[in-house]
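Engineer: My questions will all concern the structure given below.
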Amino acid sequence: MGQYSTIRSQVFSVFGSDTWKAENIKTVPNNFIGAVGLQDYIRVTIIIGGNQFINTNSNSGILNIEIFTAAGMGPNASDVIADKLDKYLQYKTLQLSNENIQFKKSSLAHMGLCSDNKSLHRSLYSIPFNYFGVL
């Protein structure tokens, strides 16, 4: 498996885990098409590219997670979801064989109403990472 497939697989293994599923936060990839309803949910986008600082199989990137919550209810629901994401991602290392992803410090920005669905508020949780592969 190449680095892009490996990174995607490792990141989504977090959201496929039983402990994440117990958080009861619907999680969809960035190209998801379909109804998610009015419940709170997150949409995950992985941006890979940057410095290849160890070897040609190493890379860096950022994980952007859009948090959608009910509009007009204030930022608390988004903040709670961001805190849960930190528990699973911030300063964590995901390891598969000789490859690993190391996450850094997260950030959160409240972006306002969702342009596609005005009944939802959108926040952006971002966390940079380094991917270390082997030759």
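Letters A, B, ... mark the chains of the structure tokens in the order given; residue numbers begin at 1 per chain; ligand numbers begin at 1, in order shown.
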Need the shell around Val80 in chain A: protein/DNA/RNA residues with any atom at most 12 Å away, counting only C-alpha atoms. Skip same-chain ones fewer than 4 positions apart. Format as an MDAnalysis selection string?

Structural biologist: chainID A and resid 23 25 40 67:69 74:76 84:87 108 123 125

Engineer: Could you pull out the alpha helix (DSSP H) residues of chain A, going by DSSP on the backbone, and write them as an MDAnalysis selection string?

Structural biologist: chainID A and resid 3:15 18:22 76:89

Engineer: List every residue of range 4-135 of chain A that DSSP, applied to the backbone of this structure, assigns to strand (DSSP E), and report them as a PDB file with N, CA and C atoms, in the first residue's frame.

Structural biologist:
ATOM      1  N   LYS A  26     -21.708  10.720  14.182  1.00  0.00           N
ATOM      2  CA  LYS A  26     -21.648  10.246  12.803  1.00  0.00           C
ATOM      3  C   LYS A  26     -20.427  10.850  12.127  1.00  0.00           C
ATOM      4  N   THR A  27     -19.667  10.008  11.409  1.00  0.00           N
ATOM      5  CA  THR A  27     -18.426  10.425  10.768  1.00  0.00           C
ATOM      6  C   THR A  27     -18.470  10.037   9.305  1.00  0.00           C
ATOM      7  N   VAL A  28     -18.244  11.020   8.425  1.00  0.00           N
ATOM      8  CA  VAL A  28     -18.282  10.760   6.983  1.00  0.00           C
ATOM      9  C   VAL A  28     -17.012  11.301   6.340  1.00  0.00           C
ATOM     10  N   PRO A  29     -16.583  10.693   5.209  1.00  0.00           N
ATOM     11  CA  PRO A  29     -15.425  11.225   4.482  1.00  0.00           C
ATOM     12  C   PRO A  29     -15.813  12.469   3.694  1.00  0.00           C
ATOM     13  N   TYR A  41     -22.677  15.855  13.280  1.00  0.00           N
ATOM     14  CA  TYR A  41     -21.802  14.929  12.572  1.00  0.00           C
ATOM     15  C   TYR A  41     -20.510  15.625  12.207  1.00  0.00           C
ATOM     16  N   ILE A  42     -19.527  14.822  11.783  1.00  0.00           N
ATOM     17  CA  ILE A  42     -18.263  15.375  11.339  1.00  0.00           C
ATOM     18  C   ILE A  42     -17.951  14.861   9.935  1.00  0.00           C
ATOM     19  N   ARG A  43     -17.224  15.710   9.173  1.00  0.00           N
ATOM     20  CA  ARG A  43     -16.780  15.330   7.829  1.00  0.00           C
ATOM     21  C   ARG A  43     -15.260  15.472   7.795  1.00  0.00           C
ATOM     22  N   VAL A  44     -14.582  14.372   7.450  1.00  0.00           N
ATOM     23  CA  VAL A  44     -13.129  14.268   7.544  1.00  0.00           C
ATOM     24  C   VAL A  44     -12.478  14.469   6.172  1.00  0.00           C
ATOM     25  N   THR A  45     -11.498  15.380   6.113  1.00  0.00           N
ATOM     26  CA  THR A  45     -10.701  15.610   4.918  1.00  0.00           C
ATOM     27  C   THR A  45      -9.228  15.500   5.296  1.00  0.00           C
ATOM     28  N   ILE A  46      -8.495  14.689   4.551  1.00  0.00           N
ATOM     29  CA  ILE A  46      -7.064  14.512   4.792  1.00  0.00           C
ATOM     30  C   ILE A  46      -6.309  15.216   3.663  1.00  0.00           C
ATOM     31  N   ILE A  47      -5.456  16.161   4.034  1.00  0.00           N
ATOM     32  CA  ILE A  47      -4.631  16.863   3.056  1.00  0.00           C
ATOM     33  C   ILE A  47      -3.193  16.395   3.259  1.00  0.00           C
ATOM     34  N   ILE A  48      -2.670  15.719   2.267  1.00  0.00           N
ATOM     35  CA  ILE A  48      -1.327  15.157   2.360  1.00  0.00           C
ATOM     36  C   ILE A  48      -0.413  15.925   1.426  1.00  0.00           C
ATOM     37  N   ASN A  59       6.134  12.069   4.870  1.00  0.00           N
ATOM     38  CA  ASN A  59       5.396  13.237   4.405  1.00  0.00           C
ATOM     39  C   ASN A  59       4.782  13.947   5.602  1.00  0.00           C
ATOM     40  N   SER A  60       4.133  15.036   5.347  1.00  0.00           N
ATOM     41  CA  SER A  60       3.387  15.748   6.379  1.00  0.00           C
ATOM     42  C   SER A  60       2.037  16.119   5.798  1.00  0.00           C
ATOM     43  N   GLY A  61       1.160  16.591   6.641  1.00  0.00           N
ATOM     44  CA  GLY A  61      -0.151  16.981   6.162  1.00  0.00           C
ATOM     45  C   GLY A  61      -0.986  17.573   7.276  1.00  0.00           C
ATOM     46  N   ILE A  62      -2.243  17.720   6.974  1.00  0.00           N
ATOM     47  CA  ILE A  62      -3.186  18.254   7.955  1.00  0.00           C
ATOM     48  C   ILE A  62      -4.497  17.502   7.830  1.00  0.00           C
ATOM     49  N   LEU A  63      -5.073  17.218   8.951  1.00  0.00           N
ATOM     50  CA  LEU A  63      -6.376  16.580   9.004  1.00  0.00           C
ATOM     51  C   LEU A  63      -7.384  17.675   9.333  1.00  0.00           C
ATOM     52  N   ASN A  64      -8.295  17.947   8.396  1.00  0.00           N
ATOM     53  CA  ASN A  64      -9.357  18.928   8.610  1.00  0.00           C
ATOM     54  C   ASN A  64     -10.653  18.182   8.868  1.00  0.00           C
ATOM     55  N   ILE A  65     -11.291  18.515   9.956  1.00  0.00           N
ATOM     56  CA  ILE A  65     -12.552  17.877  10.317  1.00  0.00           C
ATOM     57  C   ILE A  65     -13.592  18.971  10.520  1.00  0.00           C
ATOM     58  N   GLU A  66     -14.590  18.974   9.631  1.00  0.00           N
ATOM     59  CA  GLU A  66     -15.691  19.913   9.775  1.00  0.00           C
ATOM     60  C   GLU A  66     -16.681  19.333  10.773  1.00  0.00           C
ATOM     61  N   ILE A  67     -17.056  20.129  11.742  1.00  0.00           N
ATOM     62  CA  ILE A  67     -18.003  19.721  12.775  1.00  0.00           C
ATOM     63  C   ILE A  67     -19.318  20.441  12.499  1.00  0.00           C
ATOM     64  N   PHE A  68     -20.377  19.679  12.317  1.00  0.00           N
ATOM     65  CA  PHE A  68     -21.700  20.248  12.048  1.00  0.00           C
ATOM     66  C   PHE A  68     -22.595  19.998  13.253  1.00  0.00           C
ATOM     67  N   THR A  69     -23.165  21.086  13.778  1.00  0.00           N
ATOM     68  CA  THR A  69     -24.070  21.011  14.925  1.00  0.00           C
ATOM     69  C   THR A  69     -25.291  21.894  14.641  1.00  0.00           C
ATOM     70  N   ALA A  70     -26.304  21.776  15.471  1.00  0.00           N
ATOM     71  CA  ALA A  70     -27.521  22.569  15.284  1.00  0.00           C
ATOM     72  C   ALA A  70     -27.197  24.058  15.372  1.00  0.00           C
ATOM     73  N   THR A  93       0.021   8.816  18.290  1.00  0.00           N
ATOM     74  CA  THR A  93       0.722   8.161  17.198  1.00  0.00           C
ATOM     75  C   THR A  93      -0.079   6.949  16.777  1.00  0.00           C
ATOM     76  N   LEU A  94      -0.338   6.848  15.475  1.00  0.00           N
ATOM     77  CA  LEU A  94      -0.990   5.677  14.909  1.00  0.00           C
ATOM     78  C   LEU A  94       0.096   4.865  14.220  1.00  0.00           C
ATOM     79  N   GLN A  95       0.162   3.581  14.541  1.00  0.00           N
ATOM     80  CA  GLN A  95       1.233   2.776  13.980  1.00  0.00           C
ATOM     81  C   GLN A  95       0.692   1.552  13.258  1.00  0.00           C
ATOM     82  N   LEU A  96       1.275   1.302  12.086  1.00  0.00           N
ATOM     83  CA  LEU A  96       0.957   0.127  11.287  1.00  0.00           C
ATOM     84  C   LEU A  96       2.274  -0.403  10.758  1.00  0.00           C
ATOM     85  N   GLU A  99       5.340   1.858   9.718  1.00  0.00           N
ATOM     86  CA  GLU A  99       4.894   3.191   9.342  1.00  0.00           C
ATOM     87  C   GLU A  99       4.078   3.780  10.490  1.00  0.00           C
ATOM     88  N   ASN A 100       4.173   5.081  10.665  1.00  0.00           N
ATOM     89  CA  ASN A 100       3.334   5.696  11.686  1.00  0.00           C
ATOM     90  C   ASN A 100       2.983   7.131  11.337  1.00  0.00           C
ATOM     91  N   ILE A 101       1.911   7.588  11.958  1.00  0.00           N
ATOM     92  CA  ILE A 101       1.454   8.969  11.833  1.00  0.00           C
ATOM     93  C   ILE A 101       1.503   9.578  13.224  1.00  0.00           C
ATOM     94  N   GLN A 102       2.139  10.727  13.331  1.00  0.00           N
ATOM     95  CA  GLN A 102       2.202  11.440  14.600  1.00  0.00           C
ATOM     96  C   GLN A 102       1.435  12.750  14.456  1.00  0.00           C
ATOM     97  N   PHE A 103       0.393  12.901  15.281  1.00  0.00           N
ATOM     98  CA  PHE A 103      -0.411  14.118  15.269  1.00  0.00           C
ATOM     99  C   PHE A 103       0.184  15.145  16.218  1.00  0.00           C
ATOM    100  N   SER A 107      -6.385  22.812  16.394  1.00  0.00           N
ATOM    101  CA  SER A 107      -6.990  24.138  16.496  1.00  0.00           C
ATOM    102  C   SER A 107      -8.457  24.018  16.106  1.00  0.00           C
ATOM    103  N   LEU A 108      -9.259  24.973  16.543  1.00  0.00           N
ATOM    104  CA  LEU A 108     -10.697  24.967  16.269  1.00  0.00           C
ATOM    105  C   LEU A 108     -11.133  26.371  15.882  1.00  0.00           C
ATOM    106  N   ALA A 109     -11.889  26.456  14.787  1.00  0.00           N
ATOM    107  CA  ALA A 109     -12.442  27.742  14.348  1.00  0.00           C
ATOM    108  C   ALA A 109     -13.931  27.565  14.093  1.00  0.00           C
ATOM    109  N   HIS A 110     -14.741  28.447  14.666  1.00  0.00           N
ATOM    110  CA  HIS A 110     -16.187  28.427  14.420  1.00  0.00           C
ATOM    111  C   HIS A 110     -16.438  29.238  13.154  1.00  0.00           C
ATOM    112  N   MET A 111     -16.989  28.589  12.127  1.00  0.00           N
ATOM    113  CA  MET A 111     -17.085  29.180  10.794  1.00  0.00           C
ATOM    114  C   MET A 111     -18.445  29.808  10.483  1.00  0.00           C
ATOM    115  N   GLY A 112     -19.460  29.522  11.257  1.00  0.00           N
ATOM    116  CA  GLY A 112     -20.779  30.092  11.001  1.00  0.00           C
ATOM    117  C   GLY A 112     -21.726  29.080  10.379  1.00  0.00           C
ATOM    118  N   LEU A 113     -22.815  29.580   9.820  1.00  0.00           N
ATOM    119  CA  LEU A 113     -23.821  28.704   9.237  1.00  0.00           C
ATOM    120  C   LEU A 113     -23.268  27.923   8.050  1.00  0.00           C
ATOM    121  N   LEU A 120     -27.660  24.137  10.183  1.00  0.00           N
ATOM    122  CA  LEU A 120     -26.451  23.615  10.803  1.00  0.00           C
ATOM    123  C   LEU A 120     -25.384  24.697  10.917  1.00  0.00           C
ATOM    124  N   HIS A 121     -24.628  24.623  11.994  1.00  0.00           N
ATOM    125  CA  HIS A 121     -23.465  25.480  12.202  1.00  0.00           C
ATOM    126  C   HIS A 121     -22.231  24.644  11.887  1.00  0.00           C
ATOM    127  N   ARG A 122     -21.227  25.261  11.253  1.00  0.00           N
ATOM    128  CA  ARG A 122     -20.009  24.536  10.868  1.00  0.00           C
ATOM    129  C   ARG A 122     -18.817  25.102  11.613  1.00  0.00           C
ATOM    130  N   SER A 123     -18.044  24.205  12.211  1.00  0.00           N
ATOM    131  CA  SER A 123     -16.774  24.562  12.838  1.00  0.00           C
ATOM    132  C   SER A 123     -15.690  23.733  12.160  1.00  0.00           C
ATOM    133  N   LEU A 124     -14.470  24.236  12.187  1.00  0.00           N
ATOM    134  CA  LEU A 124     -13.367  23.530  11.554  1.00  0.00           C
ATOM    135  C   LEU A 124     -12.305  23.186  12.586  1.00  0.00           C
ATOM    136  N   TYR A 125     -12.120  21.888  12.781  1.00  0.00           N
ATOM    137  CA  TYR A 125     -11.089  21.337  13.649  1.00  0.00           C
ATOM    138  C   TYR A 125      -9.939  20.920  12.729  1.00  0.00           C
ATOM    139  N   SER A 126      -8.740  21.413  12.998  1.00  0.00           N
ATOM    140  CA  SER A 126      -7.575  21.087  12.170  1.00  0.00           C
ATOM    141  C   SER A 126      -6.449  20.581  13.047  1.00  0.00           C
ATOM    142  N   ILE A 127      -5.744  19.571  12.534  1.00  0.00           N
ATOM    143  CA  ILE A 127      -4.618  19.032  13.287  1.00  0.00           C
ATOM    144  C   ILE A 127      -3.537  18.569  12.304  1.00  0.00           C
ATOM    145  N   PRO A 128      -2.348  19.151  12.401  1.00  0.00           N
ATOM    146  CA  PRO A 128      -1.263  18.742  11.515  1.00  0.00           C
ATOM    147  C   PRO A 128      -0.699  17.384  11.940  1.00  0.00           C
ATOM    148  N   PHE A 129      -0.077  16.699  10.978  1.00  0.00           N
ATOM    149  CA  PHE A 129       0.537  15.414  11.286  1.00  0.00           C
ATOM    150  C   PHE A 129       1.791  15.210  10.441  1.00  0.00           C
ATOM    151  N   ASN A 130       2.615  14.292  10.920  1.00  0.00           N
ATOM    152  CA  ASN A 130       3.762  13.810  10.155  1.00  0.00           C
ATOM    153  C   ASN A 130       3.553  12.331   9.921  1.00  0.00           C
ATOM    154  N   TYR A 131       3.870  11.885   8.730  1.00  0.00           N
ATOM    155  CA  TYR A 131       3.794  10.468   8.362  1.00  0.00           C
ATOM    156  C   TYR A 131       5.221   9.991   8.130  1.00  0.00           C
ATOM    157  N   PHE A 132       5.587   8.914   8.802  1.00  0.00           N
ATOM    158  CA  PHE A 132       6.906   8.338   8.653  1.00  0.00           C
ATOM    159  C   PHE A 132       6.771   6.954   8.038  1.00  0.00           C
TER     160      PHE A 132
END

Engineer: Given the choices A:Ser9, A:Tyr88, A:Ala71, A:Lys105, which gets closest to Lys21 in chain A if the distance is worked out from only C-alpha atoms?

Structural biologist: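 Under the stated criterion, the closest residue is A:Tyr88.
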
Engineer: My list of candidates is A:Gln39, A:Ser78, A:Ser106, A:Ser17. Which is closest to Gln90 in chain A when distances are computed with only C-alpha atoms?

Structural biologist: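 Among the listed residues, A:Ser106 lies closest to Gln90 in chain A.
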
Engineer: What is the distance between CA of Ile81 in chain A and CA of Cys114 in chain A, in Å to one decimal?

Structural biologist: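 CA of Cys114 in chain A lies at a distance of 16.9 Å from CA of Ile81 in chain A.
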
Engineer: Kindly give the distance, in Å, that separates CA of Asn57 in chain A and CA of Gln3 in chain A, rounded to a single decimal.

Structural biologist: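 Going from CA of Asn57 in chain A over to CA of Gln3 in chain A covers 6.7 Å.
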
Engineer: Quick one: pull the distance between CA of Lys104 in chain A and CA of Tyr91 in chain A, Å, one decimal.

Structural biologist: 4.9 Å
